[in-house]
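**Q** Next up is a structure, given as structure tokens.
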Number of protein chains: 6
Amino acid sequence: MHVRAFVAEMEQLAPPALAEEFDAGRIGLVVEGRTKIRTVCCALDATPSVVKRAVAARAGMLLVHHTPLWAPVTSLTGPTASLMRDVLAAGLNVYVMHTNFDHAACGVNDALAELLGLENTEPLSLGLVGDCTLTVKEIARRLACPLRVWGKVPGIGRLGIAGGSGFDLSLLEEAKGKGAEAFLSAELKHAVYRSAPLPCIEATHYALEAPAMKRLATQRGWRYIDDPPVLTPVP
Amino acid sequence: MHVRAFVAEMEQLAPPALAEEFDAGRIGLVVEGRTKIRTVCCALDATPSVVKRAVAARAGMLLVHHTPLWAPVTSLTGPTASLMRDVLAAGLNVYVMHTNFDHAACGVNDALAELLGLENTEPLSLGLVGDCTLTVKEIARRLACPLRVWGKVPGIGRLGIAGGSGFDLSLLEEAKGKGAEAFLSAELKHAVYRSAPLPCIEATHYALEAPAMKRLATQRGWRYIDDPPVLTPVP
Amino acid sequence: MHVRAFVAEMEQLAPPALAEEFDAGRIGLVVEGRTKIRTVCCALDATPSVVKRAVAARAGMLLVHHTPLWAPVTSLTGPTASLMRDVLAAGLNVYVMHTNFDHAACGVNDALAELLGLENTEPLSLGLVGDCTLTVKEIARRLACPLRVWGKVPGIGRLGIAGGSGFDLSLLEEAKGKGAEAFLSAELKHAVYRSAPLPCIEATHYALEAPAMKRLATQRGWRYIDDPPVLTPVP
Amino acid sequence: MHVRAFVAEMEQLAPPALAEEFDAGRIGLVVEGRTKIRTVCCALDATPSVVKRAVAARAGMLLVHHTPLWAPVTSLTGPTASLMRDVLAAGLNVYVMHTNFDHAACGVNDALAELLGLENTEPLSLGLVGDCTLTVKEIARRLACPLRVWGKVPGIGRLGIAGGSGFDLSLLEEAKGKGAEAFLSAELKHAVYRSAPLPCIEATHYALEAPAMKRLATQRGWRYIDDPPVLTPVP
Amino acid sequence: MHVRAFVAEMEQLAPPALAEEFDAGRIGLVVEGRTKIRTVCCALDATPSVVKRAVAARAGMLLVHHTPLWAPVTSLTGPTASLMRDVLAAGLNVYVMHTNFDHAACGVNDALAELLGLENTEPLSLGLVGDCTLTVKEIARRLACPLRVWGKVPGIGRLGIAGGSGFDLSLLEEAKGKGAEAFLSAELKHAVYRSAPLPCIEATHYALEAPAMKRLATQRGWRYIDDPPVLTPVP
Amino acid sequence: MHVRAFVAEMEQLAPPALAEEFDAGRIGLVVEGRTKIRTVCCALDATPSVVKRAVAARAGMLLVHHTPLWAPVTSLTGPTASLMRDVLAAGLNVYVMHTNFDHAACGVNDALAELLGLENTEPLSLGLVGDCTLTVKEIARRLACPLRVWGKVPGIGRLGIAGGSGFDLSLLEEAKGKGAEAFLSAELKHAVYRSAPLPCIEATHYALEAPAMKRLATQRGWRYIDDPPVLTPVP
């Protein structure tokens with residue numbers, strides 16, 4: 001498959017026009033490798049370990065959610081130089097779908113809702129709300145991730161979710177306005193908790209966003225390369 | 001005691017000149033009440049509950065770490081109006097020590113180091129590093145806070161700490177350069193974890209900053225009003 | 001009457017969308033008090049004296065033209081703290097109509113034109129022009145305000161007016177283009193006078209804007225609280 | 001006299017370094033004419049009438065307080081083209097001393113203080129305060145300018161003054177701190193009056209600044225060209 | 001002819017709306033002289049020599065491509081004062097057509113294409129491409145200007161052109177996309193050459209833009225005042 | 001040799017603190033390769049041809065004047081990806097000395113002055129002036145570069161020079177003030193020529209800056225890789 005054909009397919013799946021403005025220049029084909037692709041790998045982040053496994057699998061394309069070149073660079077040194085050497089020397093292409101995939105119909109939040117079995121879903125400006133029959137423990141189990149619950153969650157009923165770093169006060173208000181009784185996301189700040197109109201269920205960024213990449217890999221017959229954070233709750 | 005005398009004392013303890021630039025206009029006497037103070041209360045945040053308890057205690061002064069008026073306002077409505085009504089109607093003064101207290105000799109990180117029994121401490125640009133004989137479990141016990149440990153912590157030995165939201169890559173590098181084998185702070189972001197040169201021990205913002213306020217209240221004979229987040233780890 | 005009903009009525013009278021951009025966040029309900037309103041007071045400015053009289057009148061709402069919180073604040077101290085204490089402790093709401101009322105059909109300039117008996121009026125980008133049969137002395141009498149006349153005014157005939165601080169060169173040119181032979185406003189600057197294409201009649205800001213607030217109070221059966229500047233011409 | 005010698009003399013009188021930043025490029029020799037000067041004229045503004053009288057007097061130099069080219073231009077059209085034609089065709093130089101003259105020891109406020117007979121003067125960040133034995137009527141007479149007095153002035157005693165547009169809240173506070181019981185300047189805004197800590201005596205910009213130019217002309221044997229605003233108080 | 005009639009004619013020829021944003025305030029009537037025009041002169045730049053010749057020709061209007069007042073001024077000194085004295089004292093108007101003339105149908109690039117006999121032309125975002133039967137030597141002869149050829153030009157065939165300083169990478173790419181085999185413009189930078197997708201033929205700014213002014217003068221019966229740079233190639 | 005030792009040596013030769021602000025992040029080790037260096041190559045630009053020759057020479061370090069990553073990137077595609085693949089795959093380091101080398105005592109302008117045999121040199125804010133006994137033809141011969149001479153150069157005598165793109169009006173004035181009768185640099189713009197106080201001798205950017213890199217290579221025993229522009233004057 002030609003790399004241009006792959007790009008065209010992905011642009012249909014998650015149109016670049018859906019991305020937030022801050023993603024300008026940070027999505028799409030961010031590293032250009034060889035033009036013919038046979039094997040596609042997929043991961044959440046292009047970590048050194050993920051890249052090495054993709055190269056070992058002789059992949060021509062690595063599809064990720066987070067770009068390996070976020071801050072604009074005028075030099076390639078340290079870990080960035082190592083990573084780019086591995087990628088470029090192998091002729092590996094790196095393609096990024098970020099906030100365009102968050103907002104896509106088949107994207108991050110849709111996969112998360114499916115994993116949690118949410119029903120009667122309604123979209124939010126980011127994420128969605130839906131009826132949830134799981135307990136917090138069952139959510140933790142499905143996400144394969146320890147949770148921190150902020151505030152009292154007597155029973156969930158209707159749940160707001162936003163993959164990634166979605167604890168934003170205006171988003172919480174919007175979710176509450178649509179009946180949410182709790183909100184699931186990652187990276188809660190103290191100041192947001194203090195003003196939050198809903199109890200907050202905090203997972204990890206990885207646990208919320210990986211399901212969409214895994215599901216996509218399964219659908220397309222690609223290889224998903226798992227590289228979750230090493231996380232231990234104490235106690 | 002005249003409010004001006006109280007302000008002068010606090011400015012000696014945590015000189016405003018130590019504050020970060022973003023704190024301009026957000027520290028010191030942020031709400032002006034009556035001029036004579038008999039009772040001083042102290043807390044981390046001026047939450048509605050804290051203010052009500054301070055008013056019930058007939059306090060003339062409430063000393064806090066986080067200002068109740070962070071974003072500049074041109075109106076007083078909703079929760080801000082309620083809070084300011086309680087404060088102003090009672091003639092309560094609100095005094096804020098924020099990053100000036102973080103950087104002060106006797107401040108946030110010093111109290112935290114004392115609580116954890118750190119020795120041979122060296123200052124960082126924010127926070128400090130010191131020798132630590134505690135296990136992660138014992139740290140959790142002393143902080144009275146569940147922890148999330150990111151990465152492998154075989155044994156701590158030398159620990160970097162930064163009260164509040166201190167997981168910053170350049171700070172982690174600085175701590176590593178001074179021998180730290182792990183770093184304790186709050187509000188770790190996924191992207192920082194991915195590049196972190198040290199294992200990260202994530203507590204809550206409250207657990208790390210409250211000790212300094214408590215210690216100060218004890219030293220001065222004030223009343224500390226505790227209002228920790230309601231947090232439950234699952235599983 | 002519920003405060004929300006009052007707000008809805010006022011938004012019909014002077015739609016927020018008519019306001020200049022610099023008024024963003026500075027019009028509408030700028031201080032939130034009790035939700036049920038029986039008595040409404042009205043004034044040009046929320047001065048300490050006006051607020052005390054409104055509180056004494058047991059008003060639930062004070063409608064003003066100029067917001068008491070123009071510059072964004074991160075603290076409440078000095079005269080602002082005193083004023084806000086009086087307002088909040090009494091549960092008084094403060095509602096502001098500023099440039100939206102200047103531009104409204106029934107607003108500041110319309111009331112001024114009525115007071116001066118202008119006919120055949122045409123709107124300007126701010127204010128209006130109309131035929132005027134008064135002498136300058138009679139204008140001073142109707143406005144109850146001493147005037148300063150800059151330049152020679154042989155006879156007025158057609159007059160441009162702009163409530164508030166409206167001596168702007170492009171506005172004067174616009175008025176001249178619509179036949180104005182003199183322009184009435186407040187706060188004339190030396191540099192504007194030097195280039196002015198029309199004689200300028202300078203009243204006070206208060207004298208030009210109060211009529212609209214008084215007329216509105218009369219129409220609605222509210223109490224207008226007068227608080228004009230103490231001004232003495234010499235000689 | 002060579003124009004460079006004249007410039008050197010004036011730079012000693014009112015050093016450019018004393019000027020406010022906003023005067024950058026707007027003081028000094030702003031129009032360059034012939035290099036040999038015999039006759040110097042002096043005025044507050046380079047109005048068309050002033051320029052015509054200077055040209056008629058065969059002046060080689062016109063010294064003014066306010067530059068005729070305030071806003072930067074990329075064209076010379078309308079009144080600016082006419083004025084510059086008169087100036088350039090006659091080989092007239094135009095030299096401007098603005099805020100450097102306001103701040104100079106012998107400058108605008110010093111001349112004003114002398115005219116009003118102020119004693120025991122103390123400098124402000126702009127203007128000065130001094131003991132004043134005049135009544136408001138006598139001030140009006142000396143300035144040859146009708147006044148507007150805002151607030152009650154029982155007796156002056158100690159007076160703050162600032163030539164030009166000097167009613168600034170922080171300046172009024174500074175003057176009050178140095179014992180002022182009233183403040184004399186020009187172009188008072190309504191919002192400043194509402195918060196002013198002192199009664200305000202409002203003259204015209206011209207009446208406050210012309211005395212320094214007149215005095216300078218007298219001292220140097222130049223011709224002062226008077227062009228006051230045409231101002232009639234009503235009633 | 002009234003100057004307003006002349007302006008109206010020119011605005012039809014090269015509508016101001018076609019100009020680039022950076023030309024705001026720098027095109028049209030930039031110096032206003034007498035209102036009745038009999039003689040029109042035309043040149044590329046309003047150099048001192050051009051102005052003197054226009055004045056000697058008793059011209060009422062000088063039409064140029066480059067404004068004599070590019071950088072905004074708050075003073076008229078040195079060469080600018082001399083030039084403006086000559087212009088204003090003679091009552092000469094100066095009218096500028098810059099990027100509006102570059103983009104106009106009958107403008108800079110159209111005249112250049114005609115001079116070079118280009119056929120089958122297609123417009124670019126700036127300039128155009130067309131079939132060219134000339135050799136590089138013949139181009140030099142027609143432009144009356146020595147050239148510098150960067151890269152190898154085996155035979156031109158299809159040529160991109162842009163009057164003025166048009167060596168811009170995205171423009172070169174656009175030209176290449178439309179079949180260009182070389183690009184003719186002025187002021188090539190080293191960094192652009194290094195990435196240029198086409199050989200670059202570098203003429204002078206004057207040689208590329210003067211033809212349009214000359215042609216216009218001929219068409220209208222005006223006098224063209226030639227003032228080319230003094231340029232000698234070595235060796 | 002360790003790459004750190006090489007960097008230390010170069011920082012002594014051309015201290016980074018001498019660089020212009022716009023070079024921040026664009027000088028020093030901009031691509032990090034292997035840590036042990038045996039062979040050093042040197043060139044003006046890291047063109048594809050230069051890189052291929054450096055790799056073929058098994059160089060560990062390529063020292064250049066112009067960085068290959070000027071504009072900050074968030075992706076590596078097209079020619080940048082190809083170039084970086086060649087560089088990184090070969091473990092080649094790229095080190096840049098730009099404006100720090102322009103300003104260094106032994107730098108770009110010093111080498112140029114030596115090549116032209118200038119005497120009695122005096123530094124400028126950029127470049128220098130010196131006595132020159134060459135004719136323009138001889139300058140062209142020494143630089144191995146055709147020249148364009150703008151204006152009349154009767155005899156040079158004292159010459160100002162600035163390697164790279166140095167035709168700046170204030171620099172020309174400075175040079176003239178130090179006795180220069182002509183100025184040698186590259187990339188002259190039409191508008192600068194029109195106001196230039198000196199005749200301008202225009203070489204190529206490459207011809208002016210390469211001598212310093214060549215001299216440095218010779219002094220250190222490195223290989224200089226020549227890659228001049230392909231330039232043909234017509235006629």
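Residue names in the structure tokens use chain letters A, B, ... in the order shown, residue numbers from 1 in each chain, and ligand numbers from 1 in the order shown.
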What's the 8 Å shell around Leu18 of chain F, counting only C-alpha atoms, without same-chain residues fewer than 2 positions away, as a ChimeraX atom specification?

**A** /F:14-16,20,99-101,103-104

**Q** So which bits of segment 32-230 of chain F end up strand (DSSP E) when you DSSP the backbone, as number ranges by chain?

**A** F: 40-45, 61-66, 93-96, 119-123, 128-132, 147-150, 157-161, 182-186, 200-203, 223-224

**Q** Write out as an mmCIF file with N, CA, C and O atoms, in the first residue's frame which residues come within 9 Å of segment 34-48 of chain C when counting only C-alpha atoms, dropping same-chain ones fewer than 5 positions away.

**A**
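part12.cif was written with the following content:
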```cif
data_model
loop_
_atom_site.group_PDB
_atom_site.id
_atom_site.type_symbol
_atom_site.label_atom_id
_atom_site.label_comp_id
_atom_site.auth_asym_id
_atom_site.auth_seq_id
_atom_site.Cartn_x
_atom_site.Cartn_y
_atom_site.Cartn_z
ATOM 1 N N MET C 1 -40.929 39.891 42.399
ATOM 2 C CA MET C 1 -40.408 39.577 41.055
ATOM 3 C C MET C 1 -39.072 38.839 41.201
ATOM 4 O O MET C 1 -38.231 39.231 42.003
ATOM 5 N N HIS C 2 -38.938 37.773 40.394
ATOM 6 C CA HIS C 2 -37.666 37.037 40.445
ATOM 7 C C HIS C 2 -36.602 37.843 39.689
ATOM 8 O O HIS C 2 -36.891 38.491 38.688
ATOM 9 N N VAL C 3 -35.352 37.767 40.184
ATOM 10 C CA VAL C 3 -34.279 38.540 39.551
ATOM 11 C C VAL C 3 -34.111 38.141 38.090
ATOM 12 O O VAL C 3 -33.784 38.971 37.235
ATOM 13 N N ARG C 4 -34.375 36.872 37.782
ATOM 14 C CA ARG C 4 -34.240 36.436 36.388
ATOM 15 C C ARG C 4 -35.265 37.109 35.470
ATOM 16 O O ARG C 4 -34.978 37.399 34.310
ATOM 17 N N PHE C 6 -36.493 40.114 35.986
ATOM 18 C CA PHE C 6 -36.029 41.493 35.832
ATOM 19 C C PHE C 6 -34.937 41.571 34.759
ATOM 20 O O PHE C 6 -34.958 42.434 33.868
ATOM 21 N N ARG C 53 -28.503 54.858 50.210
ATOM 22 C CA ARG C 53 -29.911 55.241 50.055
ATOM 23 C C ARG C 53 -30.743 54.089 49.498
ATOM 24 O O ARG C 53 -31.893 53.901 49.874
ATOM 25 N N ALA C 54 -30.168 53.306 48.605
ATOM 26 C CA ALA C 54 -30.894 52.143 48.069
ATOM 27 C C ALA C 54 -31.143 51.111 49.161
ATOM 28 O O ALA C 54 -32.232 50.540 49.263
ATOM 29 N N ALA C 57 -33.776 52.223 51.407
ATOM 30 C CA ALA C 57 -35.095 52.078 50.781
ATOM 31 C C ALA C 57 -35.500 50.613 50.648
ATOM 32 O O ALA C 57 -36.511 50.301 50.035
ATOM 33 N N ARG C 58 -34.682 49.717 51.234
ATOM 34 C CA ARG C 58 -34.929 48.264 51.189
ATOM 35 C C ARG C 58 -35.038 47.746 49.748
ATOM 36 O O ARG C 58 -35.788 46.799 49.462
ATOM 37 N N ALA C 59 -34.248 48.353 48.878
ATOM 38 C CA ALA C 59 -34.289 47.919 47.477
ATOM 39 C C ALA C 59 -33.654 46.545 47.328
ATOM 40 O O ALA C 59 -32.729 46.186 48.052
ATOM 41 N N GLY C 60 -34.180 45.749 46.380
ATOM 42 C CA GLY C 60 -33.575 44.456 46.062
ATOM 43 C C GLY C 60 -32.699 44.580 44.823
ATOM 44 O O GLY C 60 -31.894 43.708 44.536
ATOM 45 N N MET C 61 -32.892 45.672 44.112
ATOM 46 C CA MET C 61 -32.163 45.855 42.844
ATOM 47 C C MET C 61 -31.742 47.314 42.702
ATOM 48 O O MET C 61 -32.564 48.215 42.945
ATOM 49 N N LEU C 62 -30.486 47.505 42.306
ATOM 50 C CA LEU C 62 -30.016 48.841 41.952
ATOM 51 C C LEU C 62 -29.565 48.789 40.500
ATOM 52 O O LEU C 62 -28.634 48.049 40.165
ATOM 53 N N LEU C 63 -30.257 49.566 39.657
ATOM 54 C CA LEU C 63 -29.905 49.617 38.232
ATOM 55 C C LEU C 63 -29.057 50.853 37.990
ATOM 56 O O LEU C 63 -29.463 51.965 38.332
ATOM 57 N N VAL C 64 -27.862 50.682 37.410
ATOM 58 C CA VAL C 64 -26.978 51.822 37.163
ATOM 59 C C VAL C 64 -26.432 51.796 35.731
ATOM 60 O O VAL C 64 -26.514 50.777 35.038
ATOM 61 N N HIS C 65 -25.870 52.932 35.343
ATOM 62 C CA HIS C 65 -25.287 53.051 34.001
ATOM 63 C C HIS C 65 -23.809 52.638 34.035
ATOM 64 O O HIS C 65 -23.316 52.030 33.105
ATOM 65 N N HIS C 66 -23.113 52.995 35.106
ATOM 66 C CA HIS C 66 -21.672 52.722 35.216
ATOM 67 C C HIS C 66 -21.410 51.639 36.247
ATOM 68 O O HIS C 66 -21.791 51.790 37.406
ATOM 69 N N THR C 67 -20.722 50.583 35.851
ATOM 70 C CA THR C 67 -20.451 49.474 36.775
ATOM 71 C C THR C 67 -19.539 49.931 37.925
ATOM 72 O O THR C 67 -18.620 50.733 37.692
ATOM 73 N N PRO C 68 -19.745 49.411 39.118
ATOM 74 C CA PRO C 68 -18.821 49.731 40.217
ATOM 75 C C PRO C 68 -17.530 48.907 40.161
ATOM 76 O O PRO C 68 -16.640 49.139 40.961
ATOM 77 N N PRO C 79 -12.083 51.319 49.409
ATOM 78 C CA PRO C 79 -13.451 51.739 49.105
ATOM 79 C C PRO C 79 -14.250 50.644 48.396
ATOM 80 O O PRO C 79 -15.463 50.543 48.608
ATOM 81 N N SER C 82 -15.596 48.326 51.079
ATOM 82 C CA SER C 82 -16.704 48.960 51.812
ATOM 83 C C SER C 82 -17.984 48.916 50.997
ATOM 84 O O SER C 82 -19.057 48.551 51.488
ATOM 85 N N LEU C 83 -17.867 49.311 49.736
ATOM 86 C CA LEU C 83 -19.046 49.357 48.879
ATOM 87 C C LEU C 83 -19.649 47.969 48.725
ATOM 88 O O LEU C 83 -20.852 47.777 48.856
ATOM 89 N N ASP C 86 -21.492 46.773 51.822
ATOM 90 C CA ASP C 86 -22.843 47.347 51.907
ATOM 91 C C ASP C 86 -23.797 46.639 50.950
ATOM 92 O O ASP C 86 -24.928 46.304 51.311
ATOM 93 N N ALA C 90 -26.602 43.553 52.293
ATOM 94 C CA ALA C 90 -28.022 43.874 52.178
ATOM 95 C C ALA C 90 -28.730 42.982 51.165
ATOM 96 O O ALA C 90 -29.941 43.106 50.973
ATOM 97 N N GLY C 91 -27.998 42.105 50.509
ATOM 98 C CA GLY C 91 -28.604 41.241 49.498
ATOM 99 C C GLY C 91 -29.050 42.013 48.265
ATOM 100 O O GLY C 91 -29.902 41.566 47.492
ATOM 101 N N LEU C 92 -28.443 43.189 48.064
ATOM 102 C CA LEU C 92 -28.809 44.050 46.940
ATOM 103 C C LEU C 92 -28.197 43.508 45.650
ATOM 104 O O LEU C 92 -27.010 43.182 45.618
ATOM 105 N N ASN C 93 -28.997 43.427 44.572
ATOM 106 C CA ASN C 93 -28.467 43.116 43.255
ATOM 107 C C ASN C 93 -28.032 44.416 42.570
ATOM 108 O O ASN C 93 -28.666 45.458 42.757
ATOM 109 N N VAL C 94 -26.973 44.363 41.766
ATOM 110 C CA VAL C 94 -26.598 45.525 40.957
ATOM 111 C C VAL C 94 -26.599 45.102 39.491
ATOM 112 O O VAL C 94 -25.931 44.128 39.114
ATOM 113 N N TYR C 206 -22.471 63.631 33.727
ATOM 114 C CA TYR C 206 -23.677 63.320 34.501
ATOM 115 C C TYR C 206 -24.917 63.949 33.883
ATOM 116 O O TYR C 206 -25.960 63.299 33.723
ATOM 117 N N GLU C 209 -26.181 62.066 30.806
ATOM 118 C CA GLU C 209 -26.604 60.670 30.882
ATOM 119 C C GLU C 209 -27.698 60.414 31.915
ATOM 120 O O GLU C 209 -28.443 59.430 31.797
ATOM 121 N N ALA C 210 -27.787 61.283 32.928
ATOM 122 C CA ALA C 210 -28.798 61.071 33.964
ATOM 123 C C ALA C 210 -30.232 61.122 33.409
ATOM 124 O O ALA C 210 -31.091 60.344 33.863
ATOM 125 N N MET C 213 -31.733 57.762 32.682
ATOM 126 C CA MET C 213 -32.002 56.925 33.847
ATOM 127 C C MET C 213 -33.247 57.438 34.590
ATOM 128 O O MET C 213 -34.075 56.651 35.044
ATOM 129 N N LYS C 214 -33.354 58.743 34.690
ATOM 130 C CA LYS C 214 -34.538 59.341 35.343
ATOM 131 C C LYS C 214 -35.810 58.978 34.595
ATOM 132 O O LYS C 214 -36.820 58.605 35.186
ATOM 133 N N LEU C 216 -36.378 56.508 32.599
ATOM 134 C CA LEU C 216 -36.661 55.076 32.744
ATOM 135 C C LEU C 216 -37.313 54.796 34.099
ATOM 136 O O LEU C 216 -38.297 54.053 34.196
ATOM 137 N N ALA C 217 -36.761 55.426 35.169
ATOM 138 C CA ALA C 217 -37.307 55.236 36.514
ATOM 139 C C ALA C 217 -38.770 55.696 36.555
ATOM 140 O O ALA C 217 -39.648 55.013 37.109
ATOM 141 N N GLY C 221 -41.912 53.312 37.361
ATOM 142 C CA GLY C 221 -42.346 53.461 38.748
ATOM 143 C C GLY C 221 -41.261 53.117 39.752
ATOM 144 O O GLY C 221 -41.539 52.706 40.870
ATOM 145 N N TRP C 222 -39.989 53.224 39.340
ATOM 146 C CA TRP C 222 -38.888 52.998 40.269
ATOM 147 C C TRP C 222 -38.490 54.313 40.907
ATOM 148 O O TRP C 222 -38.917 55.382 40.483
ATOM 149 N N ARG C 223 -37.628 54.216 41.896
ATOM 150 C CA ARG C 223 -37.123 55.435 42.517
ATOM 151 C C ARG C 223 -35.785 55.809 41.880
ATOM 152 O O ARG C 223 -34.873 54.977 41.823
ATOM 153 N N TYR C 224 -35.650 57.030 41.399
ATOM 154 C CA TYR C 224 -34.366 57.506 40.888
ATOM 155 C C TYR C 224 -33.594 58.159 42.027
ATOM 156 O O TYR C 224 -34.127 59.029 42.728
ATOM 157 N N ILE C 225 -32.382 57.764 42.242
ATOM 158 C CA ILE C 225 -31.549 58.349 43.302
ATOM 159 C C ILE C 225 -30.552 59.292 42.641
ATOM 160 O O ILE C 225 -29.640 58.858 41.942
ATOM 161 N N ASP C 226 -30.764 60.586 42.862
ATOM 162 C CA ASP C 226 -29.950 61.611 42.211
ATOM 163 C C ASP C 226 -28.654 61.832 43.001
ATOM 164 O O ASP C 226 -28.676 61.937 44.221
ATOM 165 N N ASP C 227 -27.548 61.883 42.327
ATOM 166 C CA ASP C 227 -26.265 62.147 42.996
ATOM 167 C C ASP C 227 -25.333 62.880 42.032
ATOM 168 O O ASP C 227 -24.278 62.356 41.641
ATOM 169 N N PRO C 228 -25.714 64.125 41.647
ATOM 170 C CA PRO C 228 -24.925 64.857 40.647
ATOM 171 C C PRO C 228 -23.603 65.313 41.230
ATOM 172 O O PRO C 228 -23.469 65.437 42.450
ATOM 173 N N ARG D 194 -15.319 60.829 40.510
ATOM 174 C CA ARG D 194 -16.065 59.971 41.441
ATOM 175 C C ARG D 194 -15.149 59.369 42.502
ATOM 176 O O ARG D 194 -15.601 59.077 43.610
#
```

**Q** With distances taken over only C-alpha atoms, which residue among C:Ala17, C:Ile156, C:Ile161, C:Leu76 lies nearest chain B?

**A**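 The closest residue to chain B is C:Leu76.
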
**Q** Please identify all polymer residues within 9 Å of segment 112-119 of chain B, counting only C-alpha atoms, omitting same-chain residues fewer than 6 positions from it, and present them as a PyMOL selection string.

**A** chain B and resi 128-134+138-139+142-143+158-159+161-163+208-212

**Q** Can you work out the spacing between atom CA of Cys145 of chain E and atom CA of Thr121 of chain E in Å, to one decimal?

**A**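 It comes out at 23.1 Å.
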
**Q** Any idea what the distance is between atom CA of Asn109 of chain B and atom CA of Pro233 of chain B?

**A** 25.3 Å

**Q** Distance cut-off 7 Å, counting only C-alpha atoms - which residues of chain B neighbour chain A? Return them as a PyMOL selection string.

**A** chain B and resi 137+146-151+187+189-190+205+230-235

**Q** Rounded to one decimal place, report the atom CA of Ala175 of chain B-atom CA of Ser49 of chain A distance in Å.

**A** 25.0 Å
